[in-house]
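Let me begin by presenting the structure, written as structure tokens, before commenting on it.
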Amino acid sequence: MNNQKGTETIENREKGSTNDDSFKNLSGFKIKALYGPEDISQPGREADLGLPGEYPFTRGIHKTMYRQRPWTIRQLGSLDSPSKANERIRQLLQMGANGISLCLDMPTIMGRDSDDPLAEGEVGSCGGVAIDSIEDMRNLLEGIPIDEISINFVSNSQSSVILSMFVAVAEERGVPLEKLTGTMQNDILKEYQAQKSYYFPPRPSMRLTIDTLSFCNKHLPRFNPISISGYHLASAGATPVQELAFTLANGFTYVEEGIKAGLSVDSFAPRLSFFFKVHNDFFENIAKYRAARRIWAKTIRERFEAKDRRSCLFRVHTQTSGSSLTAHQAENNIIRVTIQALSAVLGGTQSLHTNAFDEALSIPTPRSEKLALRTQQIIARESGVINTIDPLAGSYYVEALTNQMEAECYKYFKEIEDLGGVISAIEKGYYAKIIADSAFSYQREIEKGERIVVGLNEFFEEEETDIELREADPEFEREKVSDLVALKENRDQALVKACLNEIGEVCQGSDNIIPYLIKAVKSYVTLGEIIGVMKEIFGEYREDSIY
Amino acid sequence: MKKKLSTGEMVSRLLAGDRRAAARLITLVENEMDDHHEVMSLVYPYTGKAMILGITGAGGAGKSTLTDHLIGKFREQGKKVGVVVVDPSSPFSGGAFLGDRIRLQSHSQDDGVYIRSMASRGYLGGLSRATYDVIRIMEAMGNEVVIVETLGAGQDEVDVIHIAHTCLVVVTPGMGDDIQAMKAGIMEIADIIVLNKADLDGTDRSLRHLQGALTAGSFEEGAWMPRVVPTVSTANKPEDLQGIDELAATIAEHQTYLRKTRAIDRVRYDRVEQELGLIFKDELQKIIFKGLKGTGKKREYINSIIEQKNDPYSVVEEVLNTYLLPWE
Amino acid sequence: MNKGRKRRILIAKPGLDGHDRGAKVVARALRNAGMEVIYAGLHQTPLQIVNAAIDEDVDAIGLSILSGAHKTIFPKIMTLLKEKGASDILVFGGGTIPKKDRVELTSLGVGEIFTTGTDTHVIIDYLNRTLET
Ligand SMILES: Nc1nc2c(ncn2[C@@H]2O[C@H](COP(=O)(O)OP(=O)(O)OP(=O)(O)O)[C@@H](O)[C@H]2O)c(=O)[nH]1
Ligand SMILES: [Mg+2]
């Protein structure tokens, strides 16, 4: 503060630097040529930093961070068929992954069985696994120690059904539910805001999310029932600060809804987890994590009056940026992923998924997948960045950015509040507009050469990369459909009908739906059938924002 | 690859209800291509019987959503429906983003419904002369109802009353004081005021305002007194919709009124008068500019105005005397 | 007097996938380039897309497909266009589509397929060039 001399020097240097405005991060903040003590020395902010493992957790949620245990290396284990995915999971575990993410194929994501006419051509798509019935869940998890390995189900609108299948299989295998770890993404709000894989209007969707939360709260105490996801907001175009603000606002909304459902904040907030994307700007991304931890902790303690310190912990899984990968000169993506992964680690992530470099072209090959995994191992074992905790703390730049991120976030919170909260802002098209605007200006910046993507708008080469690609299995869809048709023929039809009727009734009432779904999936009722009945009761949502 | 059909062939396909022919002819009149006038003359005998329904109101008021429901009502009565949705063109690029189809999806597989998005292409107030032609083509195609959706927020954007037999103005509760400001304009153009989004706060208040304004207004004995119909046009389940049946009934009532009192004659007269005016304006301008073409005169006139040697009115008078009235 | 025909382009996102970032960015860019863009939105079936394209008399249909469904959707659209006598409408696309498949689609008469991240000017130039006649 009394560093008069320092200030002068900095100002002088700033004047000397040319073209100030052109240094901007992805959130659009202007970046100064030099940061100094005066950038972080606002009075009363000392308490905002604290120590790792201490409120407000800016420096990390654990006292020991990676010295005790590095982050979870969590890679994608899905593949079109449940048994092939099972094989892939085993390989990943054998290569040293200690967590698995499972994506669903497009029909499952949209609540449709493989034999649905609208599923044609998309069964097993997007490197996701097709889940129609409990039989698929059995095959998927066969021989996998589900009480030891945490599985992250990238499942949203259909989460109540997927959880029910997971629980049903655990019960069959005699695994006590309290031992199940893992995560259900189950974040419905961001579906309306960005990813657009919704079936019902927001209100009934929220009820299913909270039913899942309440059920886990009672029976699966080690399982994360919601993973509040900024990743998809960012992929749709949100800037880092928008990702941060919208994700946190969604998180607070789930807390409110949980409390409304009669749960105490400290009973479920410790099990809420988050999912971030790493953007290209290295330091901006780090600041995002630090600001996130601080805002979450403060709000949970101050506004929701949590007493348990674990409620205040912003625990986050991270994935490198799929949308930053280029189809041209695809090998360059290896470097991008490495830099992004390092940024996530310096930001203090709890778990990390590194993308395979060939994803912009097609489903990753075993070779590219292994490379992605090794990238994390090299950072963890060789780079030395895990030797000390939050090594960037005290950096004038990183602390100033962290503060700025935090301040900007509150502006977005205010806008959302003025619109009547998150759901109402969704209905008013708020997110659709902001995200489309951000996506468009990003594209324009690239086209004007204000932002460089190597190999795309600079150092472009006409030649397309010639790399080995994994072929989708053309036979899979036909086989999956015929298996499903057979399964549907050979089950107790009266029981199926009774289960579906019951689900319809429960949807109209307010009982927790999960026990009824567990019963149904055990009777071989399929996911598409369940969602079909729910649609009849809840109605269907149609996006109509046009920006 | 493009098969070039003669104008006559296209029109006979249109009369048989062919969608592709209709679509092509609409493009042709929209772009004022060479055989535009011929097309309209060929089509004209097959027009004049459809009911033309105008729907206007502020952006996002729910015009398309209501249109989607009304299409359903007319289809129940077995009527074929054409819809023209007019959206503004960008004044900067001349391009347009036409997204209303997203909200007009319930009938996307129904052969009895033809929907066309149109950009206003620089006509203030939304409706160009081409809109009249597009409606005619839709009539000739066999549509018994043609719905015209246009954006209209202020008092001066009232073109739609000239084009439609029955004119709906859609307002929403939140508009509160705006309604006060717009009242005069609305009352003049609306046959039916739709208070949409009646599920939102402030509905009762707005309803009172609107009804108050109507009773305060003076209407001739036996004349149509505008109605207010509250509606809820989006709902998760069909049974939660409100006011759609009432709206359809009120439209039918207005139609009956028009026919019974012969008020329709007046509407038709006004409509043609308006249309003629628009055509004259366009065509005269074309004739004049054609006359000036190649003479270098146009540039001369414009420069003389810029340099303040002349004023626009004197120029127009001079030009008219030279190119239009020499035979007088 | 011909004023010069405005280009009309239908942009749609067929299939089950909802990632509409690319479709929206391209729609805006074409609008800013002076074209009339009819935006058909998410989850459209091939039949809905072809019907809309015919009714709107568009010059081209742009399809954004990231889910791997291109192998079913493009051929269906091409067949429907043919059945309805509308093969003169240009079909182009964008998304995660491997080169090998792009070659196959071209042989069906599909126009250019742009990979994600393509400069929108490239798309605009392509349309201006191809629709010239
Ligand atoms: N709450 C509520 N929302 C509605 C109602 N009717 C329409 N909406 C919503 O209002 C928004 C705009 O609806 P549109 O039908 O597109 O309105 P429009 O007047 O055609 O809009 P533009 O063509 O863009 O001027 C959509 O999000 C609809 O879902 C209603 O009765 N209640
Ligand atoms: Mg509309």
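Scheme for the structure tokens: letters A, B, ... for chains in order shown; per-chain residue numbers from 1; ligand numbers from 1 in order shown.
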Worksheet item: If we count only C-alpha atoms, what is near Val169 of chain B at a cut-off of 10 Å, once residues fewer than 3 positions away on the same chain are taken out, given as a count of residues only?
Response: 21
Discussion item. Taking only segment 273-511 of chain A into account, list the residues labelled helix (DSSP H, G or I) by DSSP (computed from the backbone), as number ranges by chain.
Written reply: A: 282-302, 309-312, 322-324, 332-347, 366-382, 396-418, 422-427, 430-447, 476-489, 493-508
For C-alpha atoms, I'd like the residues from the last selection saved as a CSV table (one decimal), in the first residue's frame.
chain,number,residue,atom,x,y,z
A,282,PHE,CA,-3.6,-21.0,-18.2
A,283,PHE,CA,-3.7,-18.5,-15.3
A,284,GLU,CA,-7.3,-17.5,-15.8
A,285,ASN,CA,-8.2,-21.1,-15.4
A,286,ILE,CA,-6.3,-21.4,-12.1
A,287,ALA,CA,-7.9,-18.2,-10.8
A,288,LYS,CA,-11.3,-19.7,-11.6
A,289,TYR,CA,-10.8,-22.7,-9.3
A,290,ARG,CA,-9.5,-20.5,-6.5
A,291,ALA,CA,-12.4,-18.1,-6.8
A,292,ALA,CA,-14.9,-21.0,-7.0
A,293,ARG,CA,-13.7,-22.5,-3.7
A,294,ARG,CA,-13.9,-19.2,-2.0
A,295,ILE,CA,-17.4,-18.2,-3.2
A,296,TRP,CA,-18.8,-21.6,-2.5
A,297,ALA,CA,-17.4,-21.7,1.0
A,298,LYS,CA,-18.6,-18.2,1.9
A,299,THR,CA,-22.1,-18.7,0.5
A,300,ILE,CA,-22.6,-22.1,2.0
A,301,ARG,CA,-21.6,-20.9,5.4
A,302,GLU,CA,-23.1,-17.4,5.3
A,309,ARG,CA,-16.8,-27.6,7.2
A,310,ARG,CA,-17.2,-30.3,4.7
A,311,SER,CA,-20.3,-28.6,3.3
A,312,CYS,CA,-18.1,-25.7,2.4
A,322,GLY,CA,-12.7,-31.0,-26.0
A,323,SER,CA,-13.7,-27.9,-27.9
A,324,SER,CA,-10.2,-26.5,-28.0
A,332,ASN,CA,-0.9,-30.4,-31.6
A,333,ASN,CA,-3.8,-31.4,-29.3
A,334,ILE,CA,-1.4,-33.5,-27.2
A,335,ILE,CA,0.4,-30.3,-26.2
A,336,ARG,CA,-2.9,-28.5,-25.6
A,337,VAL,CA,-4.1,-31.2,-23.3
A,338,THR,CA,-0.8,-31.2,-21.4
A,339,ILE,CA,-0.9,-27.5,-20.7
A,340,GLN,CA,-4.5,-27.6,-19.7
A,341,ALA,CA,-4.0,-30.6,-17.4
A,342,LEU,CA,-1.2,-28.7,-15.7
A,343,SER,CA,-3.4,-25.7,-15.2
A,344,ALA,CA,-6.1,-27.9,-13.6
A,345,VAL,CA,-3.6,-29.4,-11.3
A,346,LEU,CA,-2.2,-26.0,-10.3
A,347,GLY,CA,-5.8,-25.0,-9.8
A,366,PRO,CA,-6.5,-47.2,-27.5
A,367,ARG,CA,-3.2,-45.6,-28.4
A,368,SER,CA,-4.4,-42.0,-28.1
A,369,GLU,CA,-6.2,-42.9,-24.9
A,370,LYS,CA,-3.1,-44.3,-23.3
A,371,LEU,CA,-1.2,-41.2,-24.2
A,372,ALA,CA,-3.8,-39.0,-22.5
A,373,LEU,CA,-3.5,-41.1,-19.4
A,374,ARG,CA,0.2,-41.0,-19.4
A,375,THR,CA,0.1,-37.2,-19.7
A,376,GLN,CA,-1.4,-37.1,-16.2
A,377,GLN,CA,1.1,-39.5,-14.8
A,378,ILE,CA,4.0,-37.5,-16.2
A,379,ILE,CA,2.7,-34.3,-14.5
A,380,ALA,CA,2.1,-36.2,-11.3
A,381,ARG,CA,5.4,-38.2,-11.2
A,382,GLU,CA,7.9,-36.1,-13.1
A,396,TYR,CA,0.2,-10.8,-7.7
A,397,TYR,CA,-1.3,-11.8,-11.0
A,398,VAL,CA,-3.1,-14.9,-9.8
A,399,GLU,CA,-4.4,-13.3,-6.7
A,400,ALA,CA,-5.6,-10.2,-8.6
A,401,LEU,CA,-7.3,-12.5,-11.2
A,402,THR,CA,-8.9,-14.5,-8.4
A,403,ASN,CA,-10.4,-11.4,-6.9
A,404,GLN,CA,-11.6,-10.1,-10.2
A,405,MET,CA,-13.2,-13.4,-11.0
A,406,GLU,CA,-15.0,-13.4,-7.7
A,407,ALA,CA,-16.3,-9.8,-8.2
A,408,GLU,CA,-17.5,-10.5,-11.7
A,409,CYS,CA,-19.4,-13.5,-10.5
A,410,TYR,CA,-21.5,-11.5,-8.1
A,411,LYS,CA,-22.6,-9.4,-11.0
A,412,TYR,CA,-24.0,-12.4,-12.8
A,413,PHE,CA,-25.6,-13.7,-9.5
A,414,LYS,CA,-27.4,-10.3,-9.3
A,415,GLU,CA,-28.7,-10.6,-12.9
A,416,ILE,CA,-30.0,-14.1,-12.3
A,417,GLU,CA,-31.6,-13.1,-9.1
A,418,ASP,CA,-33.3,-10.1,-10.8
A,422,VAL,CA,-32.1,-19.8,-12.2
A,423,ILE,CA,-35.2,-21.7,-13.5
A,424,SER,CA,-36.9,-18.5,-14.3
A,425,ALA,CA,-33.8,-17.2,-16.1
A,426,ILE,CA,-33.8,-20.4,-18.1
A,427,GLU,CA,-37.4,-19.8,-19.1
A,430,TYR,CA,-31.2,-15.6,-20.4
A,431,TYR,CA,-28.6,-18.3,-20.7
A,432,ALA,CA,-29.3,-19.1,-24.3
A,433,LYS,CA,-28.7,-15.6,-25.3
A,434,ILE,CA,-25.5,-15.0,-23.2
A,435,ILE,CA,-24.0,-18.3,-24.2
A,436,ALA,CA,-24.8,-17.8,-27.9
A,437,ASP,CA,-23.3,-14.3,-27.8
A,438,SER,CA,-20.1,-15.5,-26.2
A,439,ALA,CA,-19.8,-18.3,-28.7
A,440,PHE,CA,-20.2,-15.9,-31.5
A,441,SER,CA,-17.7,-13.3,-30.3
A,442,TYR,CA,-15.2,-16.1,-29.7
A,443,GLN,CA,-15.6,-17.2,-33.3
A,444,ARG,CA,-15.3,-13.7,-34.5
A,445,GLU,CA,-12.1,-13.1,-32.5
A,446,ILE,CA,-10.6,-16.1,-34.1
A,447,GLU,CA,-11.6,-15.1,-37.6
A,476,PHE,CA,-23.4,-53.2,-33.2
A,477,GLU,CA,-26.7,-51.4,-33.6
A,478,ARG,CA,-28.4,-54.3,-35.3
A,479,GLU,CA,-27.2,-56.7,-32.6
A,480,LYS,CA,-28.2,-54.4,-29.8
A,481,VAL,CA,-31.6,-53.9,-31.2
A,482,SER,CA,-32.3,-57.6,-31.7
A,483,ASP,CA,-31.0,-58.4,-28.2
A,484,LEU,CA,-33.4,-55.8,-26.8
A,485,VAL,CA,-36.3,-57.1,-28.8
A,486,ALA,CA,-35.7,-60.6,-27.4
A,487,LEU,CA,-35.4,-59.3,-23.9
A,488,LYS,CA,-38.7,-57.4,-24.2
A,489,GLU,CA,-40.4,-60.6,-25.4
A,493,GLN,CA,-45.4,-58.6,-19.3
A,494,ALA,CA,-48.0,-58.3,-16.6
A,495,LEU,CA,-45.4,-57.3,-14.1
A,496,VAL,CA,-43.9,-54.8,-16.5
A,497,LYS,CA,-47.3,-53.2,-17.0
A,498,ALA,CA,-47.9,-53.0,-13.3
A,499,CYS,CA,-44.6,-51.4,-12.7
A,500,LEU,CA,-45.2,-48.8,-15.3
A,501,ASN,CA,-48.6,-48.0,-14.0
A,502,GLU,CA,-47.1,-47.6,-10.5
A,503,ILE,CA,-44.4,-45.2,-11.8
A,504,GLY,CA,-47.1,-43.2,-13.5
A,505,GLU,CA,-49.0,-42.8,-10.2
A,506,VAL,CA,-45.9,-42.0,-8.2
A,507,CYS,CA,-45.0,-39.3,-10.7
A,508,GLN,CA,-48.3,-37.7,-10.0
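Residues in contact with ligand 2 (atom pairs separated by at most 8 Å; only C-alpha atoms and all ligand atoms) are Gly59, Gly60, Gly62, Lys63, Ser64, Thr65, Val85, Gly99, Asp100, Arg103, Glu149, Thr150 and Leu151 of chain B.
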File dump, residues just selected, N, CA, C and O atoms, as a PDB file, in the first residue's frame:
ATOM      1  N   GLY B  59     -42.412  -8.440 -29.699  1.00  0.00           N
ATOM      2  CA  GLY B  59     -41.557  -9.621 -29.794  1.00  0.00           C
ATOM      3  C   GLY B  59     -41.694 -10.479 -28.548  1.00  0.00           C
ATOM      4  O   GLY B  59     -41.684  -9.968 -27.439  1.00  0.00           O
ATOM      5  N   GLY B  60     -41.863 -11.766 -28.764  1.00  0.00           N
ATOM      6  CA  GLY B  60     -41.939 -12.692 -27.635  1.00  0.00           C
ATOM      7  C   GLY B  60     -43.270 -12.708 -26.908  1.00  0.00           C
ATOM      8  O   GLY B  60     -43.400 -13.333 -25.859  1.00  0.00           O
ATOM      9  N   GLY B  62     -45.907 -14.155 -27.805  1.00  0.00           N
ATOM     10  CA  GLY B  62     -46.528 -15.478 -27.929  1.00  0.00           C
ATOM     11  C   GLY B  62     -47.302 -15.651 -29.225  1.00  0.00           C
ATOM     12  O   GLY B  62     -48.143 -16.539 -29.345  1.00  0.00           O
ATOM     13  N   LYS B  63     -46.998 -14.841 -30.202  1.00  0.00           N
ATOM     14  CA  LYS B  63     -47.726 -14.893 -31.478  1.00  0.00           C
ATOM     15  C   LYS B  63     -47.592 -16.261 -32.149  1.00  0.00           C
ATOM     16  O   LYS B  63     -48.584 -16.859 -32.562  1.00  0.00           O
ATOM     17  N   SER B  64     -46.360 -16.746 -32.234  1.00  0.00           N
ATOM     18  CA  SER B  64     -46.151 -18.023 -32.930  1.00  0.00           C
ATOM     19  C   SER B  64     -46.791 -19.172 -32.148  1.00  0.00           C
ATOM     20  O   SER B  64     -47.387 -20.073 -32.729  1.00  0.00           O
ATOM     21  N   THR B  65     -46.631 -19.135 -30.839  1.00  0.00           N
ATOM     22  CA  THR B  65     -47.212 -20.197 -30.022  1.00  0.00           C
ATOM     23  C   THR B  65     -48.726 -20.239 -30.210  1.00  0.00           C
ATOM     24  O   THR B  65     -49.322 -21.308 -30.360  1.00  0.00           O
ATOM     25  N   VAL B  85     -45.037 -15.810 -41.812  1.00  0.00           N
ATOM     26  CA  VAL B  85     -44.461 -15.176 -40.627  1.00  0.00           C
ATOM     27  C   VAL B  85     -43.441 -14.160 -41.101  1.00  0.00           C
ATOM     28  O   VAL B  85     -42.473 -14.511 -41.769  1.00  0.00           O
ATOM     29  N   GLY B  99     -36.660 -17.601 -37.162  1.00  0.00           N
ATOM     30  CA  GLY B  99     -36.676 -18.755 -36.260  1.00  0.00           C
ATOM     31  C   GLY B  99     -38.054 -19.186 -35.805  1.00  0.00           C
ATOM     32  O   GLY B  99     -38.176 -20.044 -34.941  1.00  0.00           O
ATOM     33  N   ASP B 100     -39.094 -18.610 -36.378  1.00  0.00           N
ATOM     34  CA  ASP B 100     -40.428 -18.900 -35.849  1.00  0.00           C
ATOM     35  C   ASP B 100     -40.882 -20.336 -36.065  1.00  0.00           C
ATOM     36  O   ASP B 100     -41.742 -20.831 -35.348  1.00  0.00           O
ATOM     37  N   ARG B 103     -41.319 -22.696 -33.187  1.00  0.00           N
ATOM     38  CA  ARG B 103     -42.530 -22.694 -32.356  1.00  0.00           C
ATOM     39  C   ARG B 103     -43.772 -23.064 -33.143  1.00  0.00           C
ATOM     40  O   ARG B 103     -44.881 -22.997 -32.641  1.00  0.00           O
ATOM     41  N   GLU B 149     -48.425 -13.532 -39.378  1.00  0.00           N
ATOM     42  CA  GLU B 149     -47.829 -13.097 -38.107  1.00  0.00           C
ATOM     43  C   GLU B 149     -46.800 -12.022 -38.374  1.00  0.00           C
ATOM     44  O   GLU B 149     -45.886 -12.212 -39.176  1.00  0.00           O
ATOM     45  N   THR B 150     -46.953 -10.864 -37.721  1.00  0.00           N
ATOM     46  CA  THR B 150     -45.951  -9.815 -37.888  1.00  0.00           C
ATOM     47  C   THR B 150     -45.606  -9.220 -36.540  1.00  0.00           C
ATOM     48  O   THR B 150     -46.417  -9.194 -35.633  1.00  0.00           O
ATOM     49  N   LEU B 151     -44.378  -8.746 -36.484  1.00  0.00           N
ATOM     50  CA  LEU B 151     -43.934  -8.059 -35.287  1.00  0.00           C
ATOM     51  C   LEU B 151     -44.525  -6.668 -35.312  1.00  0.00           C
ATOM     52  O   LEU B 151     -44.493  -5.991 -36.326  1.00  0.00           O
TER      53      LEU B 151
END
Practice prompt. Using only C-alpha atoms, find which residues of chain C lie within 8 Å of chain B and jot them down as a ChimeraX atom specification.
Written response: /C:1-6,27-28,30-41,47-48,51-52,54-57,87-88
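Once Phe74 of chain C and its same-chain neighbours fewer than 2 positions away are set aside, Pro14, Pro46, Leu63, Ile65, Ala69, His70, Lys71, Thr72, Lys76, Ile77, Met78, Thr79, Leu80, Val91, Phe92, Gly93, Leu105, Leu108, Gly109 and Val110 of chain C remain within 10 Å of it when counting only C-alpha atoms.
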Can those selected residues be exported to a file as a PDB file, in the first residue's frame so that it contains N, CA, C and O atoms?
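Okay, this is what ended up in out-v4.pdb:
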ATOM      1  N   PRO C  14     -30.191 -32.051 -36.959  1.00  0.00           N
ATOM      2  CA  PRO C  14     -30.985 -33.283 -36.913  1.00  0.00           C
ATOM      3  C   PRO C  14     -30.449 -34.254 -35.865  1.00  0.00           C
ATOM      4  O   PRO C  14     -29.368 -34.065 -35.328  1.00  0.00           O
ATOM      5  N   PRO C  46     -35.337 -36.119 -40.623  1.00  0.00           N
ATOM      6  CA  PRO C  46     -35.050 -35.816 -42.031  1.00  0.00           C
ATOM      7  C   PRO C  46     -36.299 -35.342 -42.781  1.00  0.00           C
ATOM      8  O   PRO C  46     -36.223 -34.390 -43.564  1.00  0.00           O
ATOM      9  N   LEU C  63     -26.543 -28.789 -42.358  1.00  0.00           N
ATOM     10  CA  LEU C  63     -26.825 -29.698 -41.248  1.00  0.00           C
ATOM     11  C   LEU C  63     -25.617 -29.792 -40.333  1.00  0.00           C
ATOM     12  O   LEU C  63     -24.500 -30.020 -40.798  1.00  0.00           O
ATOM     13  N   ILE C  65     -23.946 -31.998 -37.490  1.00  0.00           N
ATOM     14  CA  ILE C  65     -24.066 -33.321 -36.865  1.00  0.00           C
ATOM     15  C   ILE C  65     -22.764 -33.673 -36.161  1.00  0.00           C
ATOM     16  O   ILE C  65     -21.713 -33.760 -36.779  1.00  0.00           O
ATOM     17  N   ALA C  69     -24.227 -39.573 -36.312  1.00  0.00           N
ATOM     18  CA  ALA C  69     -25.432 -40.020 -37.021  1.00  0.00           C
ATOM     19  C   ALA C  69     -25.413 -39.623 -38.495  1.00  0.00           C
ATOM     20  O   ALA C  69     -26.372 -39.885 -39.216  1.00  0.00           O
ATOM     21  N   HIS C  70     -24.317 -39.016 -38.933  1.00  0.00           N
ATOM     22  CA  HIS C  70     -24.288 -38.509 -40.315  1.00  0.00           C
ATOM     23  C   HIS C  70     -24.508 -39.598 -41.345  1.00  0.00           C
ATOM     24  O   HIS C  70     -25.074 -39.367 -42.395  1.00  0.00           O
ATOM     25  N   LYS C  71     -24.071 -40.809 -41.015  1.00  0.00           N
ATOM     26  CA  LYS C  71     -24.177 -41.892 -41.999  1.00  0.00           C
ATOM     27  C   LYS C  71     -25.624 -42.274 -42.273  1.00  0.00           C
ATOM     28  O   LYS C  71     -25.923 -42.855 -43.309  1.00  0.00           O
ATOM     29  N   THR C  72     -26.506 -42.065 -41.325  1.00  0.00           N
ATOM     30  CA  THR C  72     -27.921 -42.341 -41.582  1.00  0.00           C
ATOM     31  C   THR C  72     -28.653 -41.105 -42.068  1.00  0.00           C
ATOM     32  O   THR C  72     -29.499 -41.182 -42.950  1.00  0.00           O
ATOM     33  N   LYS C  76     -30.611 -40.234 -45.880  1.00  0.00           N
ATOM     34  CA  LYS C  76     -32.071 -40.119 -45.809  1.00  0.00           C
ATOM     35  C   LYS C  76     -32.539 -38.813 -46.419  1.00  0.00           C
ATOM     36  O   LYS C  76     -33.535 -38.757 -47.143  1.00  0.00           O
ATOM     37  N   ILE C  77     -31.820 -37.750 -46.086  1.00  0.00           N
ATOM     38  CA  ILE C  77     -32.213 -36.443 -46.607  1.00  0.00           C
ATOM     39  C   ILE C  77     -32.054 -36.407 -48.119  1.00  0.00           C
ATOM     40  O   ILE C  77     -32.928 -35.913 -48.840  1.00  0.00           O
ATOM     41  N   MET C  78     -30.959 -36.977 -48.605  1.00  0.00           N
ATOM     42  CA  MET C  78     -30.748 -36.966 -50.056  1.00  0.00           C
ATOM     43  C   MET C  78     -31.853 -37.746 -50.763  1.00  0.00           C
ATOM     44  O   MET C  78     -32.372 -37.322 -51.795  1.00  0.00           O
ATOM     45  N   THR C  79     -32.239 -38.881 -50.183  1.00  0.00           N
ATOM     46  CA  THR C  79     -33.295 -39.687 -50.790  1.00  0.00           C
ATOM     47  C   THR C  79     -34.624 -38.937 -50.798  1.00  0.00           C
ATOM     48  O   THR C  79     -35.336 -38.910 -51.812  1.00  0.00           O
ATOM     49  N   LEU C  80     -34.952 -38.328 -49.665  1.00  0.00           N
ATOM     50  CA  LEU C  80     -36.219 -37.596 -49.583  1.00  0.00           C
ATOM     51  C   LEU C  80     -36.268 -36.443 -50.586  1.00  0.00           C
ATOM     52  O   LEU C  80     -37.287 -36.205 -51.237  1.00  0.00           O
ATOM     53  N   VAL C  91     -27.110 -29.517 -50.292  1.00  0.00           N
ATOM     54  CA  VAL C  91     -27.004 -29.956 -48.904  1.00  0.00           C
ATOM     55  C   VAL C  91     -25.542 -29.886 -48.499  1.00  0.00           C
ATOM     56  O   VAL C  91     -24.685 -30.443 -49.176  1.00  0.00           O
ATOM     57  N   PHE C  92     -25.264 -29.153 -47.428  1.00  0.00           N
ATOM     58  CA  PHE C  92     -23.890 -29.110 -46.923  1.00  0.00           C
ATOM     59  C   PHE C  92     -23.942 -29.352 -45.424  1.00  0.00           C
ATOM     60  O   PHE C  92     -25.016 -29.480 -44.845  1.00  0.00           O
ATOM     61  N   GLY C  93     -22.775 -29.484 -44.801  1.00  0.00           N
ATOM     62  CA  GLY C  93     -22.828 -29.845 -43.390  1.00  0.00           C
ATOM     63  C   GLY C  93     -21.576 -29.486 -42.634  1.00  0.00           C
ATOM     64  O   GLY C  93     -20.615 -28.946 -43.182  1.00  0.00           O
ATOM     65  N   LEU C 105     -20.044 -39.447 -48.446  1.00  0.00           N
ATOM     66  CA  LEU C 105     -21.210 -38.566 -48.540  1.00  0.00           C
ATOM     67  C   LEU C 105     -21.165 -37.747 -49.825  1.00  0.00           C
ATOM     68  O   LEU C 105     -22.195 -37.522 -50.462  1.00  0.00           O
ATOM     69  N   LEU C 108     -22.717 -39.300 -52.640  1.00  0.00           N
ATOM     70  CA  LEU C 108     -24.186 -39.279 -52.649  1.00  0.00           C
ATOM     71  C   LEU C 108     -24.728 -37.936 -53.142  1.00  0.00           C
ATOM     72  O   LEU C 108     -25.932 -37.728 -53.192  1.00  0.00           O
ATOM     73  N   GLY C 109     -23.835 -37.020 -53.408  1.00  0.00           N
ATOM     74  CA  GLY C 109     -24.282 -35.711 -53.873  1.00  0.00           C
ATOM     75  C   GLY C 109     -24.305 -34.651 -52.787  1.00  0.00           C
ATOM     76  O   GLY C 109     -24.735 -33.525 -53.028  1.00  0.00           O
ATOM     77  N   VAL C 110     -23.827 -34.998 -51.591  1.00  0.00           N
ATOM     78  CA  VAL C 110     -23.744 -34.001 -50.530  1.00  0.00           C
ATOM     79  C   VAL C 110     -22.612 -33.037 -50.874  1.00  0.00           C
ATOM     80  O   VAL C 110     -21.574 -33.461 -51.392  1.00  0.00           O
TER      81      VAL C 110
END
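Note that the spacing between atom CA of Ser155 of chain A and atom CA of Thr253 of chain A amounts to 19.1 Å.
Taking atom CA of Asp59 of chain C as the reference point, atom CA of Ile97 of chain C is found at 23.1 Å.
The space between atom CA of Arg13 of chain B and atom CA of Ile137 of chain B spans 11.6 Å.
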Worksheet item: Please, which residues of chain A lie no more than 12 Å from chain B when the count uses only C-alpha atoms, and can they be set out as a PyMOL selection string?
Response: chain A and resi 199-204+424+427-429+535-547
